[in-house]
$ cat structure26.cif   # mmCIF, C-alpha atoms
data_model
loop_
_atom_site.group_PDB
_atom_site.id
_atom_site.type_symbol
_atom_site.label_atom_id
_atom_site.label_comp_id
_atom_site.auth_asym_id
_atom_site.auth_seq_id
_atom_site.Cartn_x
_atom_site.Cartn_y
_atom_site.Cartn_z
ATOM 1 C CA LYS H 3 96.098 69.912 76.221
ATOM 2 C CA ALA H 4 94.870 73.257 75.026
ATOM 3 C CA ASN H 5 96.574 76.324 76.411
ATOM 4 C CA PRO H 6 94.305 77.590 79.254
ATOM 5 C CA MET H 7 95.539 81.141 78.672
ATOM 6 C CA ALA H 8 93.621 81.141 75.401
ATOM 7 C CA ARG H 9 90.372 80.790 77.319
ATOM 8 C CA ARG H 10 91.010 83.723 79.652
ATOM 9 C CA PRO H 11 89.154 87.039 79.247
ATOM 10 C CA VAL H 12 90.049 89.271 76.324
ATOM 11 C CA LEU H 13 90.749 92.138 78.729
ATOM 12 C CA GLU H 14 93.412 90.106 80.520
ATOM 13 C CA ARG H 15 95.133 89.053 77.311
ATOM 14 C CA THR H 16 95.234 92.713 76.322
ATOM 15 C CA LEU H 17 96.578 94.028 79.630
ATOM 16 C CA TRP H 18 99.062 91.312 80.532
ATOM 17 C CA PRO H 19 101.880 92.381 78.127
ATOM 18 C CA LEU H 20 101.786 95.813 79.758
ATOM 19 C CA VAL H 21 101.954 94.265 83.214
ATOM 20 C CA ALA H 22 104.878 92.035 82.205
ATOM 21 C CA ALA H 23 106.747 95.131 81.035
ATOM 22 C CA LEU H 24 106.100 96.795 84.379
ATOM 23 C CA PHE H 25 107.641 93.817 86.201
ATOM 24 C CA VAL H 26 110.862 94.454 84.314
ATOM 25 C CA ALA H 27 110.725 98.220 84.710
ATOM 26 C CA THR H 28 110.271 98.043 88.504
ATOM 27 C CA SER H 29 113.222 95.813 89.436
ATOM 28 C CA ALA H 30 115.208 98.472 91.344
ATOM 29 C CA ASP H 31 116.962 97.573 94.576
ATOM 30 C CA THR H 32 114.768 98.403 97.592
ATOM 31 C CA ALA H 33 117.778 99.110 99.792
ATOM 32 C CA ALA H 34 118.887 101.908 97.473
ATOM 33 C CA GLN H 35 115.582 103.649 98.196
ATOM 34 C CA GLY H 36 115.735 103.196 101.947
ATOM 35 C CA LEU H 37 112.848 100.717 101.937
ATOM 36 C CA ILE H 38 112.385 97.685 104.168
ATOM 37 C CA GLY H 39 113.682 94.551 102.477
ATOM 38 C CA ALA H 40 113.121 90.835 103.008
ATOM 39 C CA GLY H 41 116.390 90.605 104.900
ATOM 40 C CA ASP H 42 115.069 93.044 107.491
ATOM 41 C CA LEU H 43 112.160 90.809 108.484
ATOM 42 C CA SER H 44 114.271 88.696 110.834
ATOM 43 C CA GLU H 45 114.997 91.823 112.880
ATOM 44 C CA LEU H 46 111.339 92.531 113.627
ATOM 45 C CA PRO H 47 110.067 91.943 117.172
ATOM 46 C CA VAL H 48 108.023 88.748 117.609
ATOM 47 C CA PRO H 49 105.317 89.396 120.212
ATOM 48 C CA GLU H 50 104.080 86.263 121.933
ATOM 49 C CA ALA H 51 100.669 84.987 120.896
ATOM 50 C CA ASP H 52 97.945 84.301 123.429
ATOM 51 C CA ALA H 53 97.626 80.741 122.170
ATOM 52 C CA ARG H 54 99.268 78.437 119.637
ATOM 53 C CA ILE H 55 96.663 75.999 118.337
ATOM 54 C CA ALA H 56 97.116 72.961 116.091
ATOM 55 C CA TYR H 57 94.568 72.485 113.309
ATOM 56 C CA GLY H 58 96.151 69.238 112.045
ATOM 57 C CA ASP H 59 98.829 66.683 112.823
ATOM 58 C CA ASP H 60 101.717 68.104 110.772
ATOM 59 C CA ALA H 61 104.300 70.272 112.533
ATOM 60 C CA PHE H 62 103.332 73.241 110.348
ATOM 61 C CA GLN H 63 99.582 72.850 110.787
ATOM 62 C CA PHE H 64 99.020 75.391 113.519
ATOM 63 C CA GLY H 65 98.007 78.973 114.041
ATOM 64 C CA ASP H 66 98.850 81.707 116.526
ATOM 65 C CA LEU H 67 95.882 83.436 118.112
ATOM 66 C CA TYR H 68 96.154 87.021 119.348
ATOM 67 C CA LEU H 69 93.304 88.315 121.494
ATOM 68 C CA PRO H 70 92.247 91.849 122.342
ATOM 69 C CA ALA H 71 91.718 92.985 125.908
ATOM 70 C CA GLY H 72 88.211 92.696 127.284
ATOM 71 C CA PRO H 73 85.382 90.245 126.796
ATOM 72 C CA GLY H 74 84.302 88.757 123.439
ATOM 73 C CA GLU H 75 82.759 87.893 121.144
ATOM 74 C CA HIS H 76 85.653 89.180 119.089
ATOM 75 C CA PRO H 77 85.562 89.751 115.327
ATOM 76 C CA VAL H 78 88.375 87.804 113.666
ATOM 77 C CA LEU H 79 91.068 88.790 111.211
ATOM 78 C CA ALA H 80 92.338 85.526 109.723
ATOM 79 C CA PHE H 81 95.824 86.368 108.486
ATOM 80 C CA ILE H 82 98.080 84.417 106.109
ATOM 81 C CA HIS H 83 101.740 85.410 106.031
ATOM 82 C CA GLY H 84 103.739 85.746 102.847
ATOM 83 C CA GLY H 85 107.240 84.864 101.771
ATOM 84 C CA CYS H 86 107.084 83.654 98.149
ATOM 85 C CA PHE H 87 105.363 80.436 99.279
ATOM 86 C CA LEU H 88 108.817 79.363 100.509
ATOM 87 C CA SER H 89 109.746 77.549 103.720
ATOM 88 C CA ALA H 90 112.406 80.179 104.438
ATOM 89 C CA PHE H 91 109.706 82.533 105.714
ATOM 90 C CA ASN H 92 107.389 81.631 108.581
ATOM 91 C CA LEU H 93 104.646 83.410 110.473
ATOM 92 C CA ASP H 94 107.022 85.104 112.950
ATOM 93 C CA HIS H 95 107.507 88.131 110.724
ATOM 94 C CA ALA H 96 103.742 88.809 110.870
ATOM 95 C CA ALA H 97 103.571 88.620 114.679
ATOM 96 C CA GLY H 98 103.938 92.374 115.131
ATOM 97 C CA LEU H 99 101.085 93.030 112.718
ATOM 98 C CA ALA H 100 98.913 90.495 114.528
ATOM 99 C CA ARG H 101 99.530 91.993 117.954
ATOM 100 C CA ALA H 102 98.978 95.547 116.702
ATOM 101 C CA ILE H 103 95.619 94.626 115.162
ATOM 102 C CA ALA H 104 94.621 92.770 118.338
ATOM 103 C CA ASP H 105 95.435 95.910 120.316
ATOM 104 C CA ARG H 106 92.829 97.688 118.201
ATOM 105 C CA GLY H 107 90.146 95.297 119.428
ATOM 106 C CA TYR H 108 90.116 92.388 116.969
ATOM 107 C CA ALA H 109 91.189 88.785 117.370
ATOM 108 C CA VAL H 110 93.874 87.750 114.890
ATOM 109 C CA TRP H 111 94.258 84.131 113.782
ATOM 110 C CA SER H 112 97.668 83.917 112.096
ATOM 111 C CA ILE H 113 97.833 80.694 110.070
ATOM 112 C CA GLU H 114 100.999 78.704 109.488
ATOM 113 C CA TYR H 115 101.038 76.230 106.592
ATOM 114 C CA ARG H 116 103.347 73.933 104.635
ATOM 115 C CA ARG H 117 105.321 75.816 102.010
ATOM 116 C CA VAL H 118 107.586 74.964 99.106
ATOM 117 C CA GLY H 119 110.666 73.384 100.671
ATOM 118 C CA ASP H 120 108.742 71.801 103.559
ATOM 119 C CA GLU H 121 107.970 68.095 103.461
ATOM 120 C CA GLY H 122 104.506 67.897 101.908
ATOM 121 C CA GLY H 123 104.568 71.562 100.864
ATOM 122 C CA GLY H 124 103.310 72.816 97.520
ATOM 123 C CA TRP H 125 100.355 71.345 95.651
ATOM 124 C CA PRO H 126 97.887 70.540 97.083
ATOM 125 C CA ASN H 127 98.849 70.832 100.734
ATOM 126 C CA THR H 128 99.789 74.509 100.845
ATOM 127 C CA PHE H 129 96.231 75.353 99.820
ATOM 128 C CA LYS H 130 94.599 72.629 101.881
ATOM 129 C CA ASP H 131 96.464 73.736 105.007
ATOM 130 C CA VAL H 132 95.231 77.302 104.631
ATOM 131 C CA GLY H 133 91.678 76.077 104.148
ATOM 132 C CA MET H 134 91.922 73.747 107.149
ATOM 133 C CA GLY H 135 93.393 76.511 109.270
ATOM 134 C CA LEU H 136 90.608 78.871 108.347
ATOM 135 C CA ASP H 137 87.894 76.271 108.943
ATOM 136 C CA HIS H 138 89.392 75.454 112.361
ATOM 137 C CA LEU H 139 87.997 78.736 113.638
ATOM 138 C CA ARG H 140 84.694 76.907 114.028
ATOM 139 C CA ASP H 141 86.317 74.520 116.514
ATOM 140 C CA VAL H 142 87.882 77.185 118.726
ATOM 141 C CA ALA H 143 85.320 79.976 118.481
ATOM 142 C CA SER H 144 83.500 79.104 121.692
ATOM 143 C CA GLU H 145 86.614 78.560 123.821
ATOM 144 C CA TYR H 146 88.176 81.879 122.816
ATOM 145 C CA SER H 147 84.994 83.981 122.402
ATOM 146 C CA LEU H 148 85.421 84.477 118.673
ATOM 147 C CA ASP H 149 82.627 85.770 116.460
ATOM 148 C CA ILE H 150 82.857 83.733 113.258
ATOM 149 C CA GLY H 151 79.947 85.735 111.894
ATOM 150 C CA ARG H 152 82.483 88.564 111.455
ATOM 151 C CA VAL H 153 85.587 87.189 109.744
ATOM 152 C CA VAL H 154 87.920 89.136 107.467
ATOM 153 C CA VAL H 155 90.508 87.020 105.666
ATOM 154 C CA SER H 156 93.748 88.812 104.883
ATOM 155 C CA GLY H 157 97.277 88.066 103.799
ATOM 156 C CA HIS H 158 100.465 89.685 102.604
ATOM 157 C CA SER H 159 102.187 88.949 99.293
ATOM 158 C CA ALA H 160 101.894 85.188 98.698
ATOM 159 C CA GLY H 161 99.607 85.137 101.728
ATOM 160 C CA GLY H 162 97.430 87.706 99.994
ATOM 161 C CA THR H 163 97.120 85.333 97.065
ATOM 162 C CA LEU H 164 96.011 82.616 99.469
ATOM 163 C CA ALA H 165 93.543 84.983 101.157
ATOM 164 C CA LEU H 166 91.871 85.773 97.831
ATOM 165 C CA TRP H 167 91.857 82.072 97.055
ATOM 166 C CA ALA H 168 90.341 81.176 100.434
ATOM 167 C CA ALA H 169 87.466 83.582 99.888
ATOM 168 C CA GLY H 170 86.610 81.830 96.622
ATOM 169 C CA ARG H 171 86.786 78.229 97.831
ATOM 170 C CA ASP H 172 83.045 77.715 97.409
ATOM 171 C CA LYS H 173 83.569 77.997 93.625
ATOM 172 C CA ILE H 174 86.114 75.180 93.367
ATOM 173 C CA ASP H 175 84.941 72.235 91.301
ATOM 174 C CA GLU H 176 83.892 69.207 93.305
ATOM 175 C CA GLY H 177 86.370 67.036 91.440
ATOM 176 C CA SER H 178 89.384 69.073 92.574
ATOM 177 C CA GLU H 179 91.768 68.029 95.343
ATOM 178 C CA LEU H 180 91.087 71.448 96.881
ATOM 179 C CA TRP H 181 87.325 71.049 97.099
ATOM 180 C CA THR H 182 85.783 71.417 100.568
ATOM 181 C CA ALA H 183 82.154 70.620 101.295
ATOM 182 C CA GLU H 184 81.450 73.523 103.654
ATOM 183 C CA PRO H 185 84.229 76.119 103.727
ATOM 184 C CA LEU H 186 83.984 78.709 106.467
ATOM 185 C CA ASP H 187 82.142 81.835 105.377
ATOM 186 C CA VAL H 188 84.326 84.918 105.272
ATOM 187 C CA HIS H 189 82.762 88.338 105.091
ATOM 188 C CA ALA H 190 85.476 90.527 103.547
ATOM 189 C CA VAL H 191 88.926 90.150 102.014
ATOM 190 C CA LEU H 192 91.999 92.320 102.533
ATOM 191 C CA GLY H 193 94.900 91.609 100.184
ATOM 192 C CA LEU H 194 98.206 93.302 101.017
ATOM 193 C CA ALA H 195 100.538 93.363 97.984
ATOM 194 C CA ALA H 196 98.575 90.349 96.791
ATOM 195 C CA VAL H 197 98.912 88.608 93.435
ATOM 196 C CA GLY H 198 95.453 87.608 92.287
ATOM 197 C CA ASP H 199 96.740 85.713 89.278
ATOM 198 C CA LEU H 200 99.049 82.707 89.639
ATOM 199 C CA GLU H 201 99.302 82.333 85.864
ATOM 200 C CA ALA H 202 100.718 85.847 85.635
ATOM 201 C CA ALA H 203 103.216 85.154 88.413
ATOM 202 C CA GLN H 204 104.229 81.901 86.720
ATOM 203 C CA MET H 205 104.760 83.612 83.374
ATOM 204 C CA ASN H 206 107.007 86.163 85.065
ATOM 205 C CA GLY H 207 109.103 83.518 86.828
ATOM 206 C CA ALA H 208 108.362 85.177 90.158
ATOM 207 C CA CYS H 209 110.548 84.309 93.170
ATOM 208 C CA GLY H 210 112.808 81.995 91.213
ATOM 209 C CA ASN H 211 109.970 80.255 89.379
ATOM 210 C CA VAL H 212 108.333 79.369 92.672
ATOM 211 C CA VAL H 213 104.860 79.047 91.139
ATOM 212 C CA ASP H 214 106.007 76.079 89.029
ATOM 213 C CA ARG H 215 107.192 74.409 92.236
ATOM 214 C CA LEU H 216 104.059 75.386 94.143
ATOM 215 C CA MET H 217 101.687 74.051 91.485
ATOM 216 C CA GLY H 218 103.832 71.177 90.228
ATOM 217 C CA GLY H 219 103.877 72.509 86.682
ATOM 218 C CA THR H 220 102.843 75.268 84.321
ATOM 219 C CA PRO H 221 99.290 76.317 83.413
ATOM 220 C CA VAL H 222 99.647 74.257 80.233
ATOM 221 C CA GLN H 223 100.851 71.149 82.056
ATOM 222 C CA VAL H 224 98.375 71.211 84.985
ATOM 223 C CA PRO H 225 95.522 73.541 83.970
ATOM 224 C CA GLU H 226 93.114 71.917 86.426
ATOM 225 C CA ARG H 227 95.356 72.950 89.327
ATOM 226 C CA TYR H 228 95.418 76.584 88.265
ATOM 227 C CA ALA H 229 91.650 76.467 87.762
ATOM 228 C CA ALA H 230 91.245 75.517 91.426
ATOM 229 C CA GLY H 231 94.183 77.448 92.902
ATOM 230 C CA SER H 232 94.463 80.777 91.095
ATOM 231 C CA PRO H 233 92.239 83.516 92.546
ATOM 232 C CA MET H 234 91.783 84.960 89.065
ATOM 233 C CA GLN H 235 90.056 81.786 87.938
ATOM 234 C CA LEU H 236 87.750 81.822 90.976
ATOM 235 C CA ALA H 237 86.727 85.449 90.390
ATOM 236 C CA PRO H 238 84.300 86.999 90.798
ATOM 237 C CA ILE H 239 83.769 86.356 94.493
ATOM 238 C CA THR H 240 80.863 87.769 96.449
ATOM 239 C CA GLN H 241 82.722 89.317 99.379
ATOM 240 C CA PRO H 242 83.927 92.922 99.293
ATOM 241 C CA VAL H 243 87.648 93.074 98.551
ATOM 242 C CA GLN H 244 90.224 95.683 99.520
ATOM 243 C CA LEU H 245 93.551 95.500 97.691
ATOM 244 C CA VAL H 246 96.345 97.440 99.397
ATOM 245 C CA VAL H 247 99.217 98.365 97.105
ATOM 246 C CA GLY H 248 102.514 100.059 97.868
ATOM 247 C CA LEU H 249 103.360 102.498 95.121
ATOM 248 C CA LEU H 250 107.075 101.906 95.782
ATOM 249 C CA ASP H 251 106.727 98.125 95.648
ATOM 250 C CA ARG H 252 109.596 96.654 93.640
ATOM 251 C CA ALA H 253 109.214 93.047 94.810
ATOM 252 C CA TRP H 254 107.504 90.199 92.994
ATOM 253 C CA THR H 255 104.066 91.785 93.419
ATOM 254 C CA PRO H 256 104.118 95.305 92.013
ATOM 255 C CA ALA H 257 100.919 97.295 92.236
ATOM 256 C CA SER H 258 100.228 96.637 88.561
ATOM 257 C CA VAL H 259 99.220 93.040 89.313
ATOM 258 C CA SER H 260 96.567 94.186 91.773
ATOM 259 C CA TYR H 261 95.312 96.618 89.167
ATOM 260 C CA LEU H 262 95.097 93.750 86.696
ATOM 261 C CA TYR H 263 93.059 91.590 89.077
ATOM 262 C CA ARG H 264 90.732 94.494 89.753
ATOM 263 C CA ALA H 265 90.336 95.368 86.070
ATOM 264 C CA ILE H 266 89.260 91.834 85.219
ATOM 265 C CA ALA H 267 87.132 91.011 88.260
ATOM 266 C CA VAL H 268 85.605 94.393 89.043
ATOM 267 C CA GLY H 269 82.572 93.770 86.863
ATOM 268 C CA ALA H 270 81.038 91.655 89.595
ATOM 269 C CA ASP H 271 83.378 91.878 92.613
ATOM 270 C CA ARG H 272 83.259 94.768 95.046
ATOM 271 C CA ILE H 273 86.910 95.731 94.847
ATOM 272 C CA ASP H 274 88.545 98.850 96.220
ATOM 273 C CA LEU H 275 92.186 99.859 95.917
ATOM 274 C CA VAL H 276 94.057 101.436 98.805
ATOM 275 C CA GLU H 277 97.251 103.037 97.511
ATOM 276 C CA LEU H 278 100.124 103.647 99.928
ATOM 277 C CA PRO H 279 102.490 106.213 98.390
ATOM 278 C CA GLU H 280 105.314 105.646 100.915
ATOM 279 C CA SER H 281 105.176 101.839 101.007
ATOM 280 C CA GLY H 282 107.328 99.324 99.275
ATOM 281 C CA HIS H 283 106.564 95.646 99.633
ATOM 282 C CA PHE H 284 107.034 95.321 103.388
ATOM 283 C CA GLU H 285 106.300 98.704 104.985
ATOM 284 C CA MET H 286 102.598 97.891 105.061
ATOM 285 C CA ILE H 287 103.106 94.980 107.503
ATOM 286 C CA VAL H 288 105.521 96.725 109.910
ATOM 287 C CA PRO H 289 103.571 98.378 112.768
ATOM 288 C CA THR H 290 105.998 101.280 113.227
ATOM 289 C CA THR H 291 105.314 102.669 109.738
ATOM 290 C CA GLU H 292 102.732 105.150 108.584
ATOM 291 C CA SER H 293 101.749 102.701 105.860
ATOM 292 C CA PHE H 294 100.789 100.092 108.451
ATOM 293 C CA GLN H 295 98.521 102.597 110.193
ATOM 294 C CA ARG H 296 96.631 102.927 106.911
ATOM 295 C CA VAL H 297 96.362 99.146 106.772
ATOM 296 C CA ALA H 298 95.041 98.996 110.347
ATOM 297 C CA ASP H 299 92.485 101.693 109.508
ATOM 298 C CA THR H 300 91.419 99.628 106.506
ATOM 299 C CA VAL H 301 90.943 96.579 108.735
ATOM 300 C CA GLU H 302 88.695 98.606 111.033
ATOM 301 C CA ALA H 303 86.728 99.950 108.075
ATOM 302 C CA SER H 304 86.136 96.389 106.844
ATOM 303 C CA PHE H 305 84.739 95.324 110.203
ATOM 304 C CA ARG H 306 82.546 98.436 110.396
ATOM 305 C CA GLU H 307 81.080 97.591 107.002
ATOM 306 C CA ILE H 308 80.392 94.026 108.101
ATOM 307 C CA ALA H 309 78.618 95.323 111.203
ATOM 308 C CA SER H 310 76.517 97.677 109.101
ATOM 309 C CA ARG H 311 75.330 94.761 106.964
ATOM 310 C CA ASN H 312 74.238 92.697 109.967
#
$ encode --input "structure26.cif" --output "structure tokens"
Amino acid sequence: KANPMARRPVLERTLWPLVAALFVATSADTAAQGLIGAGDLSELPVPEADARIAYGDDAFQFGDLYLPAGPGEHPVLAFIHGGCFLSAFNLDHAAGLARAIADRGYAVWSIEYRRVGDEGGGWPNTFKDVGMGLDHLRDVASEYSLDIGRVVVSGHSAGGTLALWAAGRDKIDEGSELWTAEPLDVHAVLGLAAVGDLEAAQMNGACGNVVDRLMGGTPVQVPERYAAGSPMQLAPITQPVQLVVGLLDRAWTPASVSYLYRAIAVGADRIDLVELPESGHFEMIVPTTESFQRVADTVEASFREIASRN
């Protein structure tokens, strides 16, 4: 099979060597800088959700729903947690974020899904679970007074990749395993330390070559999977996109990758960058940080824009 990278935009082929160099140059230890690391996530409080709701039969096909005080109909932030697509990280570490956003007046639907290392995780079920979880909002909207005419899809790190992907599901080819006839409409996208390009992450060997395990091969071996699963290949999307980047991020998703996605897709997408000068990879999802307050403000701004369009 022909190398799919050869068909990608000239701009990307020009910028990617620079981005690859930045991956190497930004490999400093987060602990040495006093930043929050992955090992700290287990110490975060886990506020109880208002409801845990199954969207399928598998043990990992569920979501936690956090509701604001007062009557609905509530706008919805559909949130997808990160963790390198690996089963070692579940949605608990995003519970604080979910409760804090709910306290600002928005329902939060935090989606769990099968990950690499779970039975059935990886291609295609990781993607299909996220899509099913998102679409399940239709089934619970009435019971929980949710306004699915105002949905922002968001995610952190690998979850940010899946959020960008979810917003572009209507562009997936009908012959793909990931095709859905009527995916739920989302009205804005918020990617927190998100990688918009699975090919780039695969080339870098991110998270112990997790993308190879997620996709079941390289872009050369299974190009049709990357065509349906990589947000870069589904760009441009029609929804406005906010990409939040920590300028101290030294994890697998340095800010440069968000810049790359924006540089390639900005011709048609409405993409804004929100730069957090004091954030590494995780500060932006921890409610006690100043960086998280910027994220919460960005969530509110997204919902205000949606309301102004209606």
$ closest_atom_pairs --input "structure26.cif" --of "range 70-169 of chain H" --to "range 186-207 of chain H" --cutoff "8 Å" --atoms "all atoms listed in the file" --output "tab-separated table"
residue	atom	partner	partner_atom	distance
H:Leu136	CA	H:Leu186	CA	6.9
H:Asp137	CA	H:Leu186	CA	5.2
H:Arg140	CA	H:Leu186	CA	7.8
H:Gly151	CA	H:His189	CA	7.8
H:Arg152	CA	H:His189	CA	6.4
H:Val153	CA	H:Val188	CA	5.2
H:Val154	CA	H:Ala190	CA	4.8
H:Val155	CA	H:Val191	CA	5.1
H:Ser156	CA	H:Leu192	CA	4.6
H:Gly157	CA	H:Gly193	CA	5.6
H:His158	CA	H:Leu194	CA	4.6
H:Ser159	CA	H:Ala196	CA	4.6
H:Ala160	CA	H:Ala196	CA	6.4
H:Gly161	CA	H:Ala196	CA	7.3
H:Gly162	CA	H:Ala196	CA	4.3
H:Thr163	CA	H:Val197	CA	5.2
H:Ala165	CA	H:Gly193	CA	6.8
H:Leu166	CA	H:Val191	CA	6.7
H:Ala169	CA	H:Val188	CA	6.4
$ resolve_selection --input "structure26.cif" --expression "the PyMOL selection byres ((chain H and resi 71) around 10)" --output "ChimeraX atom specification"
/H:68-70,72-74,76,104-109
$ resolve_selection --input "structure26.cif" --expression "the PyMOL selection byres ((chain H and resi 171-184) around 9)" --output "list in words"
Pro126, Asn127, Phe129, Lys130, Gly133, Asp137, Trp167, Ala168, Ala169, Gly170, Pro185, Leu186, Asp187, Glu226, Arg227, Ala229, Ala230, Gly231, Leu236, Ala237 and Ile239 of chain H
$ residues_around --input "structure26.cif" --residues "range 290-294 of chain H" --least-positions-apart "5" --cutoff "12 Å" --atoms "only C-alpha atoms" --output "MDAnalysis selection string"
chainID H and resid 37:38 46:47 96 98:100 102:103 158 194 246:250 276:285 299:301
$ atom_distance --input "structure26.cif" --atom1 "CA of Leu67 in chain H" --atom2 "CA of Ser232 in chain H"
27.2 Å
$ atom_distance --input "structure26.cif" --atom1 "CA of Arg311 in chain H" --atom2 "CA of Leu164 in chain H"
25.1 Å
$ resolve_selection --input "structure26.cif" --expression "the PyMOL selection byres ((chain H and resi 61) around 12)" --output "MDAnalysis selection string"
chainID H and resid 54:60 62:65 114:117 120:123 131
$ closest_residue --input "structure26.cif" --among "H:Gln244, H:Thr128, H:Arg101, H:Asn312" --to "Val297 in chain H" --atoms "all atoms listed in the file"
H:Gln244
$ closest_residue --input "structure26.cif" --among "H:Gly219, H:Val224, H:Ile113, H:Val288" --to "Asp42 in chain H" --atoms "all atoms listed in the file"
H:Val288
$ atom_distance --input "structure26.cif" --atom1 "CA of Glu45 in chain H" --atom2 "CA of Ala208 in chain H"
24.6 Å
$ closest_residue --input "structure26.cif" --among "H:Gly119, H:Trp125, H:Asp94, H:Gly39" --to "Gly218 in chain H" --atoms "all atoms listed in the file"
H:Trp125
$ closest_residue --input "structure26.cif" --among "H:Val142, H:Asp251, H:Cys86, H:His95" --to "Val48 in chain H" --atoms "all atoms listed in the file"
H:His95
$ closest_residue --input "structure26.cif" --among "H:Asp274, H:Glu145, H:Asp214, H:Glu50" --to "Asp66 in chain H" --atoms "all atoms listed in the file"
H:Glu50
$ axis_aligned_box --input "structure26.cif" --around "range 179-191 of chain H" --padding-each-side "6 Å" --output "AutoDock Vina command-line options"
--center_x 86.6 --center_y 79.3 --center_z 100.9 --size_x 22.3 --size_y 34.5 --size_z 23.1
